[in-house]
>>> print(open('protein_27.cif').read())   # mmCIF, C-alpha atoms and all ligand atoms
data_run
loop_
_atom_site.group_PDB
_atom_site.id
_atom_site.type_symbol
_atom_site.label_atom_id
_atom_site.label_comp_id
_atom_site.auth_asym_id
_atom_site.auth_seq_id
_atom_site.Cartn_x
_atom_site.Cartn_y
_atom_site.Cartn_z
ATOM 1 C CA MET J 1 -9.205 5.314 -51.893
ATOM 2 C CA SER J 2 -6.317 7.784 -52.205
ATOM 3 C CA HIS J 3 -7.789 9.712 -55.146
ATOM 4 C CA PHE J 4 -11.122 10.230 -53.396
ATOM 5 C CA LEU J 5 -11.462 12.863 -50.742
ATOM 6 C CA HIS J 6 -12.639 11.444 -47.390
ATOM 7 C CA ALA J 7 -16.228 12.533 -46.503
ATOM 8 C CA SER J 8 -15.010 14.770 -43.666
ATOM 9 C CA SER J 9 -12.520 16.443 -46.071
ATOM 10 C CA TRP J 10 -15.406 17.263 -48.423
ATOM 11 C CA SER J 11 -17.398 18.780 -45.585
ATOM 12 C CA LYS J 12 -14.357 20.820 -44.476
ATOM 13 C CA LEU J 13 -13.831 22.063 -48.051
ATOM 14 C CA TRP J 14 -17.539 22.890 -48.326
ATOM 15 C CA ARG J 15 -17.492 24.872 -45.104
ATOM 16 C CA TYR J 16 -14.330 26.687 -46.180
ATOM 17 C CA LEU J 17 -16.005 27.771 -49.435
ATOM 18 C CA TYR J 18 -19.353 28.526 -47.787
ATOM 19 C CA PRO J 19 -18.593 29.392 -44.163
ATOM 20 C CA HIS J 20 -21.945 31.140 -43.639
ATOM 21 C CA HIS J 21 -23.576 27.694 -43.716
ATOM 22 C CA GLN J 22 -21.935 26.718 -40.459
ATOM 23 C CA GLN J 23 -22.916 27.754 -36.946
ATOM 24 C CA CYS J 24 -20.945 26.856 -33.829
ATOM 25 C CA ILE J 25 -22.855 24.122 -31.977
ATOM 26 C CA SER J 26 -21.847 25.578 -28.627
ATOM 27 C CA CYS J 27 -22.414 29.363 -28.925
ATOM 28 C CA ALA J 28 -24.352 29.511 -32.257
ATOM 29 C CA HIS J 29 -21.986 32.130 -33.683
ATOM 30 C CA THR J 30 -21.055 31.797 -37.353
ATOM 31 C CA ILE J 31 -17.818 29.937 -37.913
ATOM 32 C CA ILE J 32 -15.484 32.044 -40.045
ATOM 33 C CA GLY J 33 -13.117 30.029 -42.232
ATOM 34 C CA LEU J 34 -12.001 26.521 -41.419
ATOM 35 C CA SER J 35 -12.677 25.359 -37.869
ATOM 36 C CA VAL J 36 -9.942 23.384 -36.143
ATOM 37 C CA TYR J 37 -12.524 21.241 -34.361
ATOM 38 C CA GLU J 38 -15.444 20.352 -36.575
ATOM 39 C CA GLY J 39 -18.585 22.094 -35.270
ATOM 40 C CA LEU J 40 -16.835 24.554 -32.931
ATOM 41 C CA CYS J 41 -15.938 28.228 -33.560
ATOM 42 C CA HIS J 42 -12.417 29.400 -32.774
ATOM 43 C CA ALA J 43 -13.458 31.021 -29.476
ATOM 44 C CA CYS J 44 -15.151 27.851 -28.200
ATOM 45 C CA ALA J 45 -12.312 25.646 -29.451
ATOM 46 C CA SER J 46 -9.770 27.839 -27.655
ATOM 47 C CA ARG J 47 -11.622 27.268 -24.374
ATOM 48 C CA ILE J 48 -11.378 23.444 -24.481
ATOM 49 C CA PRO J 49 -9.951 22.591 -21.010
ATOM 50 C CA TRP J 50 -7.238 20.147 -22.168
ATOM 51 C CA ILE J 51 -5.348 18.194 -19.550
ATOM 52 C CA MET J 52 -1.830 18.759 -20.862
ATOM 53 C CA LYS J 53 0.117 17.571 -17.823
ATOM 54 C CA PRO J 54 -1.676 15.148 -15.497
ATOM 55 C CA GLN J 55 -0.688 15.682 -11.855
ATOM 56 C CA CYS J 56 -1.839 12.213 -10.813
ATOM 57 C CA ARG J 57 -0.139 9.387 -12.704
ATOM 58 C CA VAL J 58 -2.881 6.934 -11.730
ATOM 59 C CA CYS J 59 -6.114 8.738 -12.637
ATOM 60 C CA GLY J 60 -4.752 11.503 -14.862
ATOM 61 C CA ARG J 61 -6.241 14.347 -12.826
ATOM 62 C CA SER J 62 -4.886 17.780 -13.645
ATOM 63 C CA ILE J 63 -4.734 18.876 -10.002
ATOM 64 C CA HIS J 64 -3.359 17.329 -6.806
ATOM 65 C CA CYS J 65 -5.270 14.096 -6.233
ATOM 66 C CA GLU J 66 -5.991 12.449 -2.913
ATOM 67 C CA ASP J 67 -8.420 9.883 -4.339
ATOM 68 C CA CYS J 68 -5.616 7.673 -5.611
ATOM 69 C CA GLN J 69 -3.793 7.700 -2.237
ATOM 70 C CA ARG J 70 -6.641 5.647 -0.764
ATOM 71 C CA GLN J 71 -5.842 2.049 0.154
ATOM 72 C CA VAL J 72 -8.668 0.735 -2.049
ATOM 73 C CA MET J 73 -6.946 2.181 -5.136
ATOM 74 C CA GLN J 74 -3.999 -0.192 -4.607
ATOM 75 C CA HIS J 75 -6.418 -2.949 -5.659
ATOM 76 C CA ARG J 76 -7.824 -1.270 -8.737
ATOM 77 C CA GLY J 77 -8.270 -3.388 -11.842
ATOM 78 C CA PHE J 78 -6.858 -0.833 -14.275
ATOM 79 C CA LEU J 79 -3.310 0.385 -14.506
ATOM 80 C CA LEU J 80 -3.964 4.041 -15.217
ATOM 81 C CA ASN J 81 -6.531 6.434 -16.596
ATOM 82 C CA ARG J 82 -5.999 9.489 -18.726
ATOM 83 C CA SER J 83 -8.675 11.986 -19.701
ATOM 84 C CA ALA J 84 -8.629 14.381 -22.614
ATOM 85 C CA VAL J 85 -10.196 17.323 -20.783
ATOM 86 C CA ARG J 86 -11.305 18.605 -17.388
ATOM 87 C CA TYR J 87 -15.035 18.373 -16.685
ATOM 88 C CA ASN J 88 -15.837 22.103 -16.588
ATOM 89 C CA THR J 89 -19.129 23.885 -17.356
ATOM 90 C CA ASP J 90 -18.503 23.856 -21.147
ATOM 91 C CA ILE J 91 -17.808 20.121 -21.239
ATOM 92 C CA ARG J 92 -20.755 19.462 -18.929
ATOM 93 C CA SER J 93 -23.147 21.309 -21.239
ATOM 94 C CA TRP J 94 -21.667 19.731 -24.401
ATOM 95 C CA LEU J 95 -22.011 16.252 -22.907
ATOM 96 C CA ALA J 96 -25.595 17.019 -21.826
ATOM 97 C CA ALA J 97 -26.487 18.196 -25.351
ATOM 98 C CA TYR J 98 -24.910 15.045 -26.768
ATOM 99 C CA LYS J 99 -26.107 12.430 -24.266
ATOM 100 C CA TYR J 100 -29.465 13.719 -23.111
ATOM 101 C CA ARG J 101 -30.682 15.877 -25.979
ATOM 102 C CA GLY J 102 -29.225 13.692 -28.729
ATOM 103 C CA ASN J 103 -27.431 16.487 -30.634
ATOM 104 C CA GLU J 104 -25.538 14.341 -33.136
ATOM 105 C CA ARG J 105 -23.208 17.126 -34.208
ATOM 106 C CA TYR J 106 -21.390 16.636 -30.910
ATOM 107 C CA GLU J 107 -20.303 13.170 -31.995
ATOM 108 C CA ALA J 108 -17.517 14.719 -34.089
ATOM 109 C CA VAL J 109 -16.506 17.091 -31.278
ATOM 110 C CA PHE J 110 -16.164 14.263 -28.754
ATOM 111 C CA GLY J 111 -14.531 12.002 -31.317
ATOM 112 C CA GLN J 112 -11.875 14.656 -31.902
ATOM 113 C CA LEU J 113 -11.346 15.154 -28.147
ATOM 114 C CA MET J 114 -10.792 11.396 -27.761
ATOM 115 C CA VAL J 115 -8.291 11.309 -30.631
ATOM 116 C CA GLU J 116 -6.248 14.139 -29.097
ATOM 117 C CA GLY J 117 -6.493 12.536 -25.658
ATOM 118 C CA TYR J 118 -5.254 9.264 -27.143
ATOM 119 C CA TYR J 119 -2.236 10.818 -28.829
ATOM 120 C CA ARG J 120 -1.330 12.568 -25.584
ATOM 121 C CA LEU J 121 -1.578 9.258 -23.680
ATOM 122 C CA GLN J 122 0.430 7.501 -26.363
ATOM 123 C CA ALA J 123 3.129 10.188 -26.337
ATOM 124 C CA GLU J 124 3.383 10.017 -22.541
ATOM 125 C CA LEU J 125 3.757 6.222 -22.452
ATOM 126 C CA SER J 126 5.980 6.053 -25.539
ATOM 127 C CA THR J 127 8.339 8.626 -23.987
ATOM 128 C CA HIS J 128 8.428 6.599 -20.815
ATOM 129 C CA PHE J 129 9.118 3.290 -22.599
ATOM 130 C CA GLY J 130 11.453 4.659 -25.230
ATOM 131 C CA CYS J 131 9.422 2.871 -27.927
ATOM 132 C CA GLU J 132 6.027 3.364 -29.510
ATOM 133 C CA TRP J 133 3.252 2.267 -27.171
ATOM 134 C CA PHE J 134 -0.138 1.271 -28.541
ATOM 135 C CA PRO J 135 -3.002 -0.913 -27.304
ATOM 136 C CA ALA J 136 -3.945 -4.175 -28.998
ATOM 137 C CA TRP J 137 -7.548 -3.058 -29.319
ATOM 138 C CA ILE J 138 -10.171 -0.686 -27.955
ATOM 139 C CA THR J 139 -13.283 -1.489 -25.966
ATOM 140 C CA SER J 140 -15.804 0.645 -24.070
ATOM 141 C CA VAL J 141 -17.912 0.859 -20.925
ATOM 142 C CA PRO J 142 -21.380 -0.385 -21.988
ATOM 143 C CA ALA J 143 -24.453 1.799 -21.436
ATOM 144 C CA SER J 144 -27.354 0.287 -19.522
ATOM 145 C CA THR J 145 -30.281 -0.926 -21.617
ATOM 146 C CA ASN J 146 -32.505 1.718 -19.981
ATOM 147 C CA ARG J 147 -30.132 4.472 -21.033
ATOM 148 C CA LEU J 148 -29.748 2.935 -24.473
ATOM 149 C CA GLN J 149 -33.527 2.950 -24.940
ATOM 150 C CA GLU J 150 -33.817 6.543 -23.676
ATOM 151 C CA ARG J 151 -31.033 7.910 -25.874
ATOM 152 C CA GLY J 152 -30.950 5.488 -28.759
ATOM 153 C CA PHE J 153 -27.160 5.317 -28.694
ATOM 154 C CA ASP J 154 -24.250 4.468 -26.425
ATOM 155 C CA GLN J 155 -21.995 7.523 -26.189
ATOM 156 C CA ALA J 156 -18.929 5.639 -24.876
ATOM 157 C CA ALA J 157 -19.204 3.133 -27.755
ATOM 158 C CA GLN J 158 -19.546 5.997 -30.253
ATOM 159 C CA MET J 159 -16.430 7.693 -28.861
ATOM 160 C CA ALA J 160 -14.546 4.384 -28.928
ATOM 161 C CA ARG J 161 -15.600 3.623 -32.520
ATOM 162 C CA TRP J 162 -14.602 7.092 -33.659
ATOM 163 C CA LEU J 163 -11.191 6.724 -32.032
ATOM 164 C CA ALA J 164 -10.682 3.169 -33.330
ATOM 165 C CA ALA J 165 -11.477 4.276 -36.908
ATOM 166 C CA ASP J 166 -9.112 7.243 -36.628
ATOM 167 C CA ILE J 167 -6.111 5.372 -35.221
ATOM 168 C CA LYS J 168 -6.905 2.178 -37.173
ATOM 169 C CA LEU J 169 -7.155 -0.280 -34.298
ATOM 170 C CA PRO J 170 -9.911 -2.862 -33.785
ATOM 171 C CA TYR J 171 -12.912 -1.918 -31.652
ATOM 172 C CA LEU J 172 -14.244 -4.937 -29.746
ATOM 173 C CA PRO J 173 -17.498 -4.587 -27.766
ATOM 174 C CA LEU J 174 -16.552 -7.016 -25.000
ATOM 175 C CA LEU J 175 -18.606 -5.952 -21.999
ATOM 176 C CA GLU J 176 -22.227 -5.878 -20.922
ATOM 177 C CA ARG J 177 -24.151 -4.858 -17.821
ATOM 178 C CA THR J 178 -25.505 -7.559 -15.541
ATOM 179 C CA ARG J 179 -28.045 -5.214 -13.921
ATOM 180 C CA GLN J 180 -29.374 -1.682 -14.134
ATOM 181 C CA THR J 181 -27.937 1.051 -11.910
ATOM 182 C CA MET J 182 -29.104 4.496 -10.841
ATOM 183 C CA LYS J 183 -27.716 7.432 -12.775
ATOM 184 C CA GLN J 184 -24.302 8.054 -11.234
ATOM 185 C CA SER J 185 -24.876 11.803 -11.294
ATOM 186 C CA GLU J 186 -27.599 11.206 -8.672
ATOM 187 C CA GLN J 187 -25.292 9.339 -6.276
ATOM 188 C CA GLY J 188 -22.629 10.280 -3.754
ATOM 189 C CA ARG J 189 -19.063 8.909 -3.845
ATOM 190 C CA GLN J 190 -19.590 5.942 -1.493
ATOM 191 C CA GLU J 191 -22.916 5.051 -3.122
ATOM 192 C CA ARG J 192 -21.286 5.053 -6.563
ATOM 193 C CA ILE J 193 -18.500 2.758 -5.442
ATOM 194 C CA ARG J 194 -20.938 0.326 -3.764
ATOM 195 C CA SER J 195 -23.516 0.351 -6.549
ATOM 196 C CA MET J 196 -21.009 -0.432 -9.330
ATOM 197 C CA ALA J 197 -19.669 -3.659 -7.769
ATOM 198 C CA GLY J 198 -20.357 -6.625 -10.045
ATOM 199 C CA VAL J 199 -22.339 -4.551 -12.559
ATOM 200 C CA PHE J 200 -20.268 -5.641 -15.575
ATOM 201 C CA SER J 201 -19.410 -8.945 -17.143
ATOM 202 C CA TYR J 202 -17.956 -9.967 -20.467
ATOM 203 C CA SER J 203 -20.478 -10.681 -23.205
ATOM 204 C CA THR J 204 -21.193 -14.120 -24.654
ATOM 205 C CA MET J 205 -19.403 -13.131 -27.888
ATOM 206 C CA ALA J 206 -16.339 -11.693 -26.125
ATOM 207 C CA GLY J 207 -14.303 -14.910 -25.984
ATOM 208 C CA SER J 208 -14.559 -15.523 -29.729
ATOM 209 C CA LEU J 209 -13.862 -11.840 -30.576
ATOM 210 C CA VAL J 210 -10.648 -11.976 -28.540
ATOM 211 C CA HIS J 211 -9.729 -15.365 -29.940
ATOM 212 C CA ASP J 212 -10.115 -14.028 -33.532
ATOM 213 C CA VAL J 213 -7.835 -11.052 -32.902
ATOM 214 C CA LEU J 214 -5.235 -13.150 -31.075
ATOM 215 C CA GLN J 215 -5.059 -15.567 -33.978
ATOM 216 C CA ARG J 216 -4.247 -12.712 -36.349
ATOM 217 C CA HIS J 217 -1.583 -11.088 -34.129
ATOM 218 C CA HIS J 218 1.171 -13.279 -32.811
ATOM 219 C CA GLU J 219 3.723 -10.719 -31.717
ATOM 220 C CA PRO J 220 4.024 -10.367 -27.951
ATOM 221 C CA TYR J 221 3.252 -7.111 -26.170
ATOM 222 C CA GLY J 222 6.069 -6.588 -23.735
ATOM 223 C CA TYR J 223 5.269 -3.472 -21.775
ATOM 224 C CA ARG J 224 4.096 -4.852 -18.482
ATOM 225 C CA ASN J 225 7.217 -4.645 -16.363
ATOM 226 C CA ARG J 226 8.203 -1.278 -17.646
ATOM 227 C CA ILE J 227 4.731 0.220 -17.222
ATOM 228 C CA SER J 228 4.551 -1.154 -13.694
ATOM 229 C CA SER J 229 7.671 0.785 -12.794
ATOM 230 C CA TYR J 230 6.007 3.959 -14.059
ATOM 231 C CA ILE J 231 3.249 3.788 -11.463
ATOM 232 C CA ALA J 232 2.417 1.433 -8.606
ATOM 233 C CA ALA J 233 0.885 -1.565 -10.359
ATOM 234 C CA PRO J 234 -2.453 -2.750 -8.988
ATOM 235 C CA ALA J 235 -2.739 -6.179 -7.402
ATOM 236 C CA VAL J 236 -5.911 -7.264 -9.179
ATOM 237 C CA PRO J 237 -4.440 -8.687 -12.404
ATOM 238 C CA MET J 238 -2.503 -11.215 -10.348
ATOM 239 C CA GLN J 239 -5.742 -12.443 -8.750
ATOM 240 C CA ALA J 240 -7.269 -12.706 -12.193
ATOM 241 C CA SER J 241 -4.334 -14.739 -13.480
ATOM 242 C CA SER J 242 -4.984 -17.363 -10.813
ATOM 243 C CA LEU J 243 -8.331 -17.979 -12.535
ATOM 244 C CA GLN J 244 -6.368 -19.308 -15.504
ATOM 245 C CA THR J 245 -6.236 -22.715 -13.842
ATOM 246 C CA ASN J 246 -9.959 -23.180 -14.516
ATOM 247 C CA GLN J 247 -9.735 -25.761 -17.299
ATOM 248 C CA SER J 248 -13.438 -25.671 -18.145
ATOM 249 C CA LEU J 249 -13.207 -22.049 -19.311
ATOM 250 C CA ARG J 250 -10.804 -22.707 -22.167
ATOM 251 C CA VAL J 251 -11.700 -21.400 -25.600
ATOM 252 C CA SER J 252 -8.684 -22.597 -27.577
ATOM 253 C CA GLY J 253 -6.380 -25.583 -27.962
ATOM 254 C CA GLN J 254 -3.595 -26.664 -25.588
ATOM 255 C CA LEU J 255 -0.622 -25.316 -27.575
ATOM 256 C CA GLU J 256 -2.242 -21.996 -28.196
ATOM 257 C CA ASP J 257 -3.158 -21.732 -24.515
ATOM 258 C CA GLU J 258 0.455 -22.183 -23.498
ATOM 259 C CA ARG J 259 1.647 -19.570 -25.950
ATOM 260 C CA ASN J 260 -1.052 -17.066 -24.949
ATOM 261 C CA ALA J 261 -0.538 -17.594 -21.213
ATOM 262 C CA ASN J 262 2.724 -15.619 -21.454
ATOM 263 C CA ARG J 263 1.178 -12.729 -23.331
ATOM 264 C CA VAL J 264 0.207 -9.458 -21.713
ATOM 265 C CA ILE J 265 -2.287 -7.656 -23.908
ATOM 266 C CA PRO J 266 -2.741 -3.908 -23.412
ATOM 267 C CA ILE J 267 -6.409 -2.911 -23.847
ATOM 268 C CA LEU J 268 -7.722 0.627 -24.055
ATOM 269 C CA LEU J 269 -11.052 1.043 -22.231
ATOM 270 C CA ILE J 270 -13.142 4.081 -23.212
ATOM 271 C CA ASP J 271 -15.759 6.009 -21.231
ATOM 272 C CA ASP J 272 -17.103 9.552 -21.244
ATOM 273 C CA ILE J 273 -16.307 10.637 -17.662
ATOM 274 C CA TYR J 274 -13.985 9.427 -14.919
ATOM 275 C CA THR J 275 -15.325 10.375 -11.485
ATOM 276 C CA THR J 276 -14.464 7.890 -8.727
ATOM 277 C CA GLY J 277 -12.910 5.273 -11.011
ATOM 278 C CA SER J 278 -15.416 2.632 -9.809
ATOM 279 C CA THR J 279 -16.944 2.114 -13.271
ATOM 280 C CA ILE J 280 -13.520 1.679 -14.868
ATOM 281 C CA HIS J 281 -12.396 -0.602 -12.020
ATOM 282 C CA ASN J 282 -15.417 -2.882 -12.353
ATOM 283 C CA CYS J 283 -15.143 -3.051 -16.140
ATOM 284 C CA ALA J 284 -11.460 -3.921 -15.725
ATOM 285 C CA LEU J 285 -12.371 -6.788 -13.358
ATOM 286 C CA ALA J 286 -14.753 -8.189 -15.990
ATOM 287 C CA LEU J 287 -11.986 -7.870 -18.601
ATOM 288 C CA HIS J 288 -9.545 -9.756 -16.337
ATOM 289 C CA GLU J 289 -12.101 -12.552 -16.017
ATOM 290 C CA LEU J 290 -12.349 -12.631 -19.803
ATOM 291 C CA GLY J 291 -8.536 -12.707 -19.993
ATOM 292 C CA ALA J 292 -8.523 -15.685 -17.660
ATOM 293 C CA GLN J 293 -11.041 -17.440 -19.883
ATOM 294 C CA CYS J 294 -8.884 -16.755 -22.953
ATOM 295 C CA ARG J 295 -5.721 -17.667 -21.030
ATOM 296 C CA VAL J 296 -4.054 -14.319 -21.592
ATOM 297 C CA GLN J 297 -3.346 -11.481 -19.220
ATOM 298 C CA PHE J 298 -4.926 -8.139 -20.009
ATOM 299 C CA GLN J 299 -3.476 -4.832 -18.990
ATOM 300 C CA VAL J 300 -6.318 -2.327 -18.813
ATOM 301 C CA ILE J 301 -5.573 1.328 -19.474
ATOM 302 C CA SER J 302 -8.508 3.691 -19.680
ATOM 303 C CA LEU J 303 -9.057 6.838 -21.654
ATOM 304 C CA THR J 304 -12.073 8.926 -20.777
ATOM 305 C CA CYS J 305 -13.167 12.114 -22.406
ATOM 306 C CA ALA J 306 -13.378 14.082 -19.151
ATOM 307 C CA ARG J 307 -11.943 13.896 -15.618
ATOM 308 C CA SER J 308 -14.365 15.370 -13.105
HETATM 309 ZN ZN ZN Q 1 -18.632 28.898 -30.415
HETATM 310 ZN ZN ZN Q 2 -5.606 10.320 -8.936
#
>>> encode(input="protein_27.cif", output="structure tokens")
Amino acid sequence: MSHFLHASSWSKLWRYLYPHHQQCISCAHTIIGLSVYEGLCHACASRIPWIMKPQCRVCGRSIHCEDCQRQVMQHRGFLLNRSAVRYNTDIRSWLAAYKYRGNERYEAVFGQLMVEGYYRLQAELSTHFGCEWFPAWITSVPASTNRLQERGFDQAAQMARWLAADIKLPYLPLLERTRQTMKQSEQGRQERIRSMAGVFSYSTMAGSLVHDVLQRHHEPYGYRNRISSYIAAPAVPMQASSLQTNQSLRVSGQLEDERNANRVIPILLIDDIYTTGSTIHNCALALHELGAQCRVQFQVISLTCARS
């Protein structure tokens, strides 16, 4: 592999030699020289609204956040969210071109945003812990079948796969939707929160996917106590752990169950936008139910492309 150039390296070399072949996907200006972010000119790349220093440790918002002061957030299923960028007019129009108009060239742009967002999250948590933090695997918020049929692809899964390939971690599609929902962009805050309750569950294959990965990795992940001191830990994982007494849900043998029961597995959950947190919360609840079935405790940390 080492003596072959990766496909994206070839395309970068090609564009460097023949820059007139490349137009910026955002402003349509010609890209001069090598672009830092594949598909974007320097001017557009310099306007990416990165969230460098989150003001809210829970949801990763870049400005003062009152959402996470609400009582209901004490019972969230995820530990924290971080987003790569703010949801400004540029990001809104890029996401629309990608999601609704199917412009595939944006896949690389969003993939690169997720990779940078991940490294920022990892640096933040690693600094806090004093050791390298990384999740055991990556999963994503599943698109509804309606949306999948309309668009032909699941943008959160694409972002998650891109990130997983880049940082060389497994991507496990663990979740599915139990029913269709209205487009969230057409709903108010309270409606969103109500309409997302119970929308997600783990898929029929999820138990065996988790079981396979757990069999290959025996080292414990020991971040839970330290991460809980970083932010107020939500109460939900404890409720989920009480489900572990359900003997009929076991997927593995007795000895393995006992060993796994002490393991806390950090999972990175990917989505395109974080708005109220209700989608992430409900996905996290489904993941905790899966954890209970597999007799392990999951710690859900989410990374979304944008924070609205
Ligand atoms: Zn441009
Ligand atoms: Zn917040």
>>> residues_near_ligand(input="protein_27.cif", ligand="ligand ZN 1 (chain Q)", cutoff="7 Å", atoms="all atoms listed in the file", output="list in words")
Cys24, Ile25, Ser26, Cys27, Ala28, His29, Leu40, Cys41, His42, Ala43 and Cys44 of chain J
>>> residues_near_ligand(input="protein_27.cif", ligand="ligand ZN 2 (chain Q)", cutoff="9 Å", atoms="only C-alpha atoms and all ligand atoms", output="VMD selection string")
chain J and resid 55 to 69 81
>>> closest_residue(input="protein_27.cif", among="J:Arg192, J:Thr275, J:Leu80, J:Phe153", to="Leu125 of chain J", atoms="all atoms listed in the file")
J:Leu80
>>> residues_around(input="protein_27.cif", residues="segment 283-286 of chain J", least_positions_apart="2", cutoff="12 Å", atoms="all atoms listed in the file", output="MDAnalysis selection string")
chainID J and resid 75:81 139:143 173:178 196:203 206 234:241 243 266:271 277:281 288:293 297:302
>>> atom_distance(input="protein_27.cif", atom1="atom CA of Thr89 of chain J", atom2="atom CA of Gln22 of chain J")
23.4 Å
